[in-house]
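Chemist: Mind having a look at this structure? Questions to follow.
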Amino acid sequence: MAERGGESRGQVPGWAFVLLSLAGVVFALTLVPRVASGEVLRVAIPWLPSFGVQFSFFVDGLSLLFALLITGIGVFIGLYARAYMHGHAQTGAFFCYLIFFQASMLGLVLADNIITLFVFWELTTVSSFLLIGFDHASEKARRNAWQALLVTGAGGLALLAGLLLLAQAGGSMELSELMTAESGVQEHPLYLGILVLILLGAFTKSAQVPFHFWLPNAMAAPTPVSAYLHSATMVKAGIYLLARVHPSLSGTPEWIWTLTIFGAVTAVWASIVAMRQTDLKLALAYTTVMALGTLTMFLGSEAHIAITAAMTFLVVHCLYKSALFMVIGIIDHETGTREVDRLGGLFRAMPITAVAAAAAAFSMAGFPPFLGFIGKELKYEGALAVASEPLLVAGAAIAANALMVGLAAVVAIRPFYGAPRTYDRTPHRPPFGMWIGPVFMALLGLTFGVGPEYVGNLLINPAANAVAGIQKDVKFALWHGVNIPLMMSILTVALGVAVFIFSDTLRRWLASALGHLLTGDEAYDGVKGAILKLADVQTAILQNGSLRRYLFVVFAVTAAGVGGTLIAEGGMAWPALWPDVPIYEWAIVVLIAAGAVVPMAARSRLAGICGLGTVGSGVALIFLIYGAPDVAKTQLLVEVLFVVMISVVFLKLPRFAETTHPPKRGRLGDLTLAAISGGVMTLMTLAVLDTPLNDHLTKYFEANSVPGGQGGNIVNVILVDFRALDTFGEIVVVAVAALGAFGLIKLRSTRAGGS
Amino acid sequence: MSWLLVLPIAIPMATAVLALLVRKQHIMERYVSAGGGAALFVATVVLLAAVWQDGTLVGRMGNWPPPFGIVLVADLFSAVMVLIAGLTGLLIVIFALATVDVERERFAFHSFYHILLGGVCGAFLTGDVFNLYVWFEVMLISSFALIALGGEKAQLDGAVKYAAINLVSTILFLTSIGLLYGATGTLNMAELNQAVRAVENQGLIDAIAIMFLIAFGIKAAVFPLFFWLPASYHTPPVAVTAIFAALMTKVGVYALFRMFTLVFTNDLALTHTVMLVVAALTMITGVLGAAAHTDIRRILSFHIVSQIGYMVLGLALFTPLALVGGVFYLIHHIIVKANLFLIGGVIKRVAGSFDLNRLGGLYLSHPVLAVMFLIPAFSLAGFPPLSGFWAKLILIKASLDLEEYLIAGVALVVGLLTIYSMTKIWIQAFWKPLPADGAPAGPAPLSGFERVALYTPIIVMCAVTVTIGIWVEPFFVFAERAAQELIEPAGYVAAVLGGGPR
Amino acid sequence: MEVLLAVLVGWLFGAAVYLMLSRSLVRYLFGLVLISNAANLAIFASGRLTRGAPALVPDGLTAPAEVVANALPQALILTAIVIGFGLLAFAFVLAYRAHDELGTVDTDAMRVAEPIAEEKPVPAASGRETAV
């Protein structure tokens with residue numbers, strides 16, 4: 001597995017990623033004081049100013065919080081991934097994708113202009129695609145990468161439309177302006193459409209039910225990717241967007257109900273499904289979905305405390321979830337399995353990891369003195385403050401949290417304690433790079449929990465204020481006294497312990513109860529299959545390989561389109577009918593008409609050729625009678641050449657009687673279409689004849705033919721002088737036809753090199 | 001300055017003749033062909049610069065005043081189309097040097113190729129509707145020659161269908177010109193601008209307009225007239241397909257833009273509504289057709305159809321912004337689509353197949369090619385910040401501005417299906433390991449010359465795609481000015497009929 | 001006579017459409033000949049007819065002395081006839097070569113480029129494994 005070349009190739013991008021992240025953290029930290037004091041930093045470079053697009057960014061509390069999470073976790077993910085990917089042949093590409101992702105994600109949360117935001121939004125989708133499918137030899141990785149791309153891509157397109165409409169309704173393309181001014185978007189007739197489209201984008205990206213299925217599938221990615229993109233950062237992009245548009249879109253019943261219901265359903269459903277999983281990584285993935293649901297639910301509210309709860313939980317979740325993902329990655333790395341039933345007794349082999357896992361799990365479960373506890377208290381406080389439906393929100397929060405307590409216990413206890421198992425490889429202590437991340441995250445969770453004032457005042461309050469659009473600082477403290485949220489916490493813990501004790505039973509019961517429900521994943525396959533089926537059917541009908549059919553459609557469209565327009569638009573006109581036409585001209589016309597029928601009816605090709613000859617000669621006669629002797633001559637000449645050519649070619653071709661006649665029914669259809677087509681052409685010509693001819697061109701040619709063109713034959717002068725360019729093109733056509741025919745005859749496929 | 005207008009026609013024609021004369025000396029012929037391509041490109045750059053600086057250029061052929069003689073006219077739209085033709089013409093001929101076999105070259109491949117370019121440029125530049133017909137024919141006959149040259153079974157099959165349907169289009173076009181002349185008495189496009197309005201029987205003009213729409217619609221491969229394209233584009237050598245994909249349908253689109261901005265704007269409620277429906281159906285049917293196939297060339301062919309829908313959409317909406325989108329889309333699409341076909345050609349060359357079921361593993365074996373594929377593929381799919389993103393963005397914004405929500409939705413959904421198709425190629429050809437029954441590897445590793453000739457055009461076109469994406473403002477401003485000239489044709493008319501020759 | 005020509009144009013056009021809809025490539029080509037004639041006649045009629053007076057300027061004059069036939073459509077038709085002949089000739093050779101290689105002139109039997117047993121795309125679930 002170890003390949004020295006790949007290893008050294010991966011070193012530079014790996015360190016680059018770590019150092020870039022570190023630089024990002026430092027830079028973001030320097031901005032904290034200014035932003036915490038309420039300052040908003042802006043920078044803008046014109047990008048497509050004619051279209052209102054600027055490459056513009058702004059930093060307020062919300063974007064800074066996200067930026068810190070993205071870069072800060074990035075540092076440890078980088079260290080972790082260097083060890084995790086050790087020896088992989090494509091480590092270099094891996095870190096390049098990670099850098100690409102990090103830059104896109106930062107761009108997303110810092111963007112001011114909606115188009116700039118969208119650009120980075122899509123780039124996170126692309127980088128996520130490349131990273132999920134990183135293990136591209138695996139069919140599962142390929143499929144799931146594709147699924148994530150298509151689901152989030154679909155949401156992205158809805159988002160684009162939503163953002164464009166939002167800009168239209170709000171009168172600006174800059175988020176900072178849309179959010180501060182009383183944009184009046186909520187009174188706009190398009191409000192509902194804007195809301196739906198933007199929510200589609202946010203819900204797909206942030207894996208809300210029913211679009212959640214791609215996220216667990218995205219666990220096909222290497223664990224550092226899962227820890228970074230698919231729990232801590234990218235999946236929060238939708239949450240970020242909801243928070244970002246909160247000031248201008250929130251507060252309406254549509255907003256409140258949609259977010260509350262989708263969030264609550266997602267949170268509860270995901271935690272139930274999480275309990276079902278035996279693969280710890282998948283279980284964690286579902287708890288991520290649960291967390292995203294919770295965040296959405298709280299962002300549905302107007303209450304400041306609810307928003308603060310959301311921002312706090314955001315930080316809490318990022319810390320413990322990335323730590324736990326890394327822990328699972330370590331376990332997987334050291335034992336070769338992530339199945340909870342096959343794990344146990346690892347404490348002895350990796351005590352540091354076990355402690356880190358326990359600390360992260362405490363935070364996840366919301367135990368004091370971890371930040372998770374504060375987060376949970378705030379959540380309950382926020383839930384009770386939700387104006388519309390506090391019981392629903394609180395109930396959902398308690399249910400989800402109780403299941404989380406149970407799961408946290410499963411993750412932190414089951415692999416490390418109990419009887420040691422036998423594994424494919426002997427587990428030993430993971431390298432420094434792998435355990436430092438979880439340990440640091442867990443420590444942060446503890447530090448922030450013990451002394452929440454700094455993080456609260458410097459990061460969370462500014463973020464919450466940016467979202468709520470008002471300045472109102474919540475006091476962060478570990479101990480709030482005995483109040484209703486504390487009672488709810490105690491209830492949660494009791495329920496959670498019960499869940500842990502009965503986790504196996506619960507899982508079995510859930511498996512049998514939920515086994516047959518339609519999953520989003522199946523729905524995705526169903527929709528995709530249906531579209532492909534439609535594509536097949538449509539293509540089989542339209543592009544069926546039959547020239548006859550193609551031509552039928554073309555002629556039918558022509559007849560219906562041209563004829564229909566002429567009639568519908570009242571273009572039909574009848575010039576004076578049946579003027580005085582000598583009998584011999586009648587005869588010529590009848591002859592031509594008869595000649596045209598011969599090839600239609602004749603079974604013999606000779607008769608057909610004679611018919612065509614009659615038509616050609618007849619037409620030449622008409623030219624001759626009506627003052628066009630040159631045309632007539634050319635027509636006859638062409639006629640002769642045509643007969644010669646046809647005779648030569650036909651010596652080779654079979655009697656075409658064999659394939660002359662289509663089946664009876666088809667023939668009737670052909671005849672009908674032919675009759676209509678002919679009729680339309682006649683009507684068109686008649687209508688043209690009814691308009692007076694403006695002959696100023698001809699008059700000019702007649703007057704200038706001799707003086708300017710030096711020729712008495714006006715037709716010739718037109719050809720060689722007035723419209724000489726036509727004649728040039730005409731010569732080219734004939735030359736190419738000859739040359740092309742020559743090549744066609746001489747160059748056989750056996751001689752050409754192609755396959 | 002009318003010589004500037006003649007050069008894009010004269011240079012390819014002269015190159016064709018010269019290439020024919022020296023075809024016995026094979027190397028010489030190739031130098032002539034590449035040199036001619038380069039000369040054409042330079043000439044087109046000069047032309048565009050001149051038009052940008054001095055405004056619409058008008059050249060009177062034979063020095064007869066319009067509308068009596070034929071005029072060549074280059075407004076910004078024409079000039080940029082000529083430039084793009086010159087650029088793709090040069091790049092694809094370089095690609096052809098490494099891919100087209102000696103036998104085809106011996107039978108005048110290069111001459112046909114340059115005459116095709118000349119015909120395309122003529123069509124872009126002429127200001128006379130019958131002369132447009134002549135250039136269409138020049139283009140058509142050389143495309144016949146190119147598509148059939150080599151005489152492989154599939155080629156001949158494809159060529160028959162290609163020819164059979166395009167000949168119908170030709171006849172319809174010719175007949176419409178006759179009728180239009182009978183109704184208005186003129187062939188000069190600038191004069192037609194007013195002449196069609198002077199006709200009393202506007203119903204007749206509408207019907208003639210629809211006839212033009214159908215004739216050009218066949219050329220442009222819109223629904224439901226596109227059959228010839230997916231039936232034939234995958235049969236000739238890739239260089240031929242690439243130049244067809246870049247220019248042939250686009251001449252049809254150009255003609256639609258020209259005639260339906262300059263001439264047939266008298267009944268927008270009819271013509272442009274029809275186009276809107278056509279655009280939607282073209283986008284949808286094309287992209288679904290692509291979803292149903294696994295041959296790279298056929299997928300790409302169907303995508304041409306689908307993308308034409310976007311361009312027609314720009315024309316159909318008929319607002320300044322929509323036309324900007326249409327022009328922008330045309331420019332972007334020509335580069336990207338030609339590039340994708342060339343990349344398909346390289347895949348065939350190095351992996352031995354066009355069939356996704358038989359391909360695989362290119363991500364590891366040809367990483368550079370993989371990156372080169374992602375750029376145009378993601379651009380076509382509309383991912384930012386590549387050229388296709390802006391093109392789609394402008395059109396969607398234009399639709400939303402007009403409250404045409406349905407068409408905006410169609411454009412977005414088709415965008416998603418385009419992502420599907422492009423990533424399908426990526427996943428199957430690049431990511432998937434080579435299947436056991438996969439195509440045997442290419443016959444031989446690329447020679448140094450092949451490496452240069454295959455990759456240079458691809459890299460240049462990738463660079464253009466990225467440049468348009470990143471540095472989009474000048475392109476937008478350009479498209480804006482070009483669109484402005486289109487939507488207010490008074491300037492064009494005055495340049496041709498009012499002002500003297502420059 | 002113009003009216004009569006208009007009817008004739010429609011007649012030829014109709015006959016041509018019927019022939020071109022045939023499965024036989026040969027009949028398609030016959031139709032092509034007819035439809036070209038129809039188009040030329042349409043142009044001719046559109047330019048209006050003048051009996052027996054070719055568009056000539058007599059020697060010594062600078063313009064025709066009397067009303068002569070409309071010269072412009074004639075010039076257009078001449079160009080169209082020649083171009084049409086070039087295309088037709090090539091089309092004939094193409095048909096001939098197609099028959100040579102494919103062994104048929106029945107276009108419904110020409111299924112090399114678009115085979116009847118169209119390869120089915122890899123089914124939707126190309127990479128599907130039991131998902132969670």
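Ordered as shown in the structure tokens, chains take letters A, B, and onward, while each chain numbers its residues from 1 and ligands are numbered from 1 in the order shown.
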Write out as number ranges by chain every residue belonging to chain C that has an atom at most 10 Å from any atom of chain B, counting only C-alpha atoms.

Modeler: C: 17, 20, 25, 28-29, 32, 35-48, 72-73, 76-77, 79-80, 83-84, 86-88, 90-91, 94-95, 97-102, 107, 109-115, 118-123, 126-127

Chemist: Between segment 241-360 of chain B and segment 387-390 of chain B, at 12 Å or less, what are the per-residue closest atom pairs and their distances in Å? Count only C-alpha atoms, order by chain and rising residue number, and return it as a Markdown table.

Modeler:
| residue | atom | partner | partner_atom | distance |
| --- | --- | --- | --- | --- |
| B:Gln307 | CA | B:Gly388 | CA | 10.4 |
| B:Tyr310 | CA | B:Gly388 | CA | 10.9 |
| B:Met311 | CA | B:Gly388 | CA | 11.9 |
| B:Val324 | CA | B:Trp390 | CA | 10.7 |
| B:Gly325 | CA | B:Trp390 | CA | 8.3 |
| B:Gly326 | CA | B:Trp390 | CA | 11.1 |
| B:Val327 | CA | B:Trp390 | CA | 11.6 |
| B:Phe328 | CA | B:Trp390 | CA | 8.2 |
| B:Tyr329 | CA | B:Gly388 | CA | 7.2 |
| B:Leu330 | CA | B:Gly388 | CA | 10.1 |
| B:Ile331 | CA | B:Ser387 | CA | 9.2 |
| B:His332 | CA | B:Ser387 | CA | 6.0 |
| B:His333 | CA | B:Gly388 | CA | 7.5 |
| B:Ile334 | CA | B:Gly388 | CA | 10.9 |
| B:Ile335 | CA | B:Ser387 | CA | 9.7 |
| B:Val336 | CA | B:Gly388 | CA | 8.5 |
| B:Lys337 | CA | B:Gly388 | CA | 10.8 |

Chemist: Residues at most 10 Å from Thr423 of chain B, counting only C-alpha atoms, excluding those fewer than 5 positions away in the same chain, as number ranges by chain?

Modeler: A: 129, 146, 149-150; B: 374, 377-378, 381, 417-418, 428-430

Chemist: For the residues in the current selection, export C-alpha atoms as a compact mmCIF listing (two decimals), in the first residue's frame.

Modeler:
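Written out: out_23.txt:
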# COMPACT_ATOMS: atom_id res chain seq x y z
CA PHE A 129 -18.21 15.74 -5.66
CA TRP A 146 -22.86 11.61 -8.35
CA LEU A 149 -23.75 16.39 -6.95
CA LEU A 150 -27.13 15.98 -8.60
CA LEU B 374 -13.51 19.00 -16.76
CA ALA B 377 -17.64 19.86 -19.54
CA PHE B 378 -18.36 21.88 -16.44
CA ALA B 381 -23.02 22.24 -17.60
CA LEU B 417 -29.61 17.28 -16.93
CA THR B 418 -26.58 18.70 -18.69
CA GLN B 428 -17.64 6.39 -16.74
CA ALA B 429 -14.64 7.32 -18.80
CA PHE B 430 -12.38 8.81 -16.18

Chemist: Near segment 18-33 of chain A, counting only C-alpha atoms, which residues have an atom at most 9 Å away, once you skip same-chain residues fewer than 5 positions from it, shown as a PyMOL selection string?

Modeler: chain A and resi 13+38-39+59+61+64-65+67-79+99+102+458-459

Chemist: When distances are computed from only C-alpha atoms, which of A:Asn704, A:Thr685, A:Thr727, A:Gln543 shows the smallest separation from Phe13 of chain C?

Modeler: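 Counting only C-alpha atoms, the residue closest to Phe13 of chain C is A:Thr685.
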
Chemist: When you look at segment 123-125 of chain B with a cut-off of 6 Å (counting only C-alpha atoms), what residues show up, excluding the ones that are within fewer than 6 positions of it in the same chain? I need them as a PyMOL selection string.

Modeler: chain B and resi 72-74+78+132+135

Chemist: Could you write out that same residue set with C-alpha atoms as a short mmCIF file (atom, residue, chain, number, x, y, z; two decimals), in the first residue's frame?

Modeler:
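Saved file selection-v4.cif follows:
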data_model
loop_
_atom_site.label_atom_id
_atom_site.label_comp_id
_atom_site.auth_asym_id
_atom_site.auth_seq_id
_atom_site.Cartn_x
_atom_site.Cartn_y
_atom_site.Cartn_z
CA LEU B 72 -20.86 42.42 -47.45
CA VAL B 73 -21.63 43.82 -44.04
CA ALA B 74 -19.82 43.37 -40.77
CA SER B 78 -21.06 39.25 -37.82
CA LEU B 132 -26.75 34.04 -48.06
CA TRP B 135 -22.98 30.66 -49.06
#

Chemist: I'd like the neighbourhood of Ile296 of chain B as a PyMOL selection string, where a residue qualifies if any of its atoms comes within 10 Å (using only C-alpha atoms), though same-chain residues fewer than 6 positions away should be ignored.

Modeler: chain B and resi 234+290+340-341+343-345+347-348+353-356+421-422+424-425+429

Chemist: Please provide as an mmCIF file with C-alpha atoms, in the first residue's frame all residues within 10 Å of segment 453-459 of chain B, with the sequence filter that same-chain residues fewer than 6 positions apart are discarded (counting only C-alpha atoms).

Modeler:
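Below you can see around12.cif, which holds the result:
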data_model
loop_
_atom_site.group_PDB
_atom_site.id
_atom_site.type_symbol
_atom_site.label_atom_id
_atom_site.label_comp_id
_atom_site.auth_asym_id
_atom_site.auth_seq_id
_atom_site.Cartn_x
_atom_site.Cartn_y
_atom_site.Cartn_z
ATOM 1 C CA LEU B 87 -10.232 30.709 -34.307
ATOM 2 C CA THR B 88 -11.942 27.328 -34.286
ATOM 3 C CA LEU B 90 -7.320 27.285 -37.069
ATOM 4 C CA LEU B 91 -7.410 25.142 -33.945
ATOM 5 C CA ILE B 92 -9.323 22.285 -35.492
ATOM 6 C CA VAL B 93 -7.137 22.157 -38.561
ATOM 7 C CA ILE B 94 -4.159 21.703 -36.228
ATOM 8 C CA PHE B 95 -6.007 18.848 -34.586
ATOM 9 C CA ALA B 96 -6.842 17.452 -38.007
ATOM 10 C CA LEU B 97 -3.170 17.300 -38.939
ATOM 11 C CA ALA B 98 -2.686 14.640 -36.302
ATOM 12 C CA THR B 99 -5.920 12.753 -36.746
ATOM 13 C CA ILE B 335 -15.517 27.056 -28.208
ATOM 14 C CA VAL B 336 -16.729 24.617 -25.597
ATOM 15 C CA ALA B 338 -15.642 22.039 -30.396
ATOM 16 C CA ASN B 339 -13.308 21.421 -27.499
ATOM 17 C CA LEU B 340 -15.401 18.576 -26.117
ATOM 18 C CA PHE B 341 -15.418 16.846 -29.459
ATOM 19 C CA LEU B 342 -11.668 17.213 -29.734
ATOM 20 C CA ILE B 343 -11.280 15.747 -26.269
ATOM 21 C CA GLY B 345 -11.145 12.423 -30.244
ATOM 22 C CA VAL B 346 -8.178 12.245 -27.917
ATOM 23 C CA ARG B 349 -7.002 7.948 -29.797
ATOM 24 C CA VAL B 368 -3.964 16.128 -17.849
ATOM 25 C CA LEU B 369 -6.702 15.044 -20.196
ATOM 26 C CA MET B 372 -8.831 19.411 -19.773
ATOM 27 C CA PHE B 373 -12.131 17.561 -19.952
ATOM 28 C CA ILE B 375 -13.134 22.592 -17.912
ATOM 29 C CA PRO B 376 -15.345 22.494 -21.015
ATOM 30 C CA LEU B 446 1.327 9.508 -28.689
ATOM 31 C CA SER B 447 4.214 10.780 -30.718
ATOM 32 C CA THR B 465 -13.281 29.166 -21.611
#

Chemist: Using DSSP assignments from the backbone, pull out every residue in segment 269-465 of chain B that falls under helix (DSSP H, G or I) and give it to me as a ChimeraX atom specification.

Modeler: /B:269-291,296-317,320-351,356-358,362-365,367-380,387-401,405-431,448-465

Chemist: Using only C-alpha atoms for the distances, tell me which of A:Val554, A:Val151, A:Ala221, A:Ala161 is nearest to chain C.

Modeler: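 Closest candidate: A:Val554.
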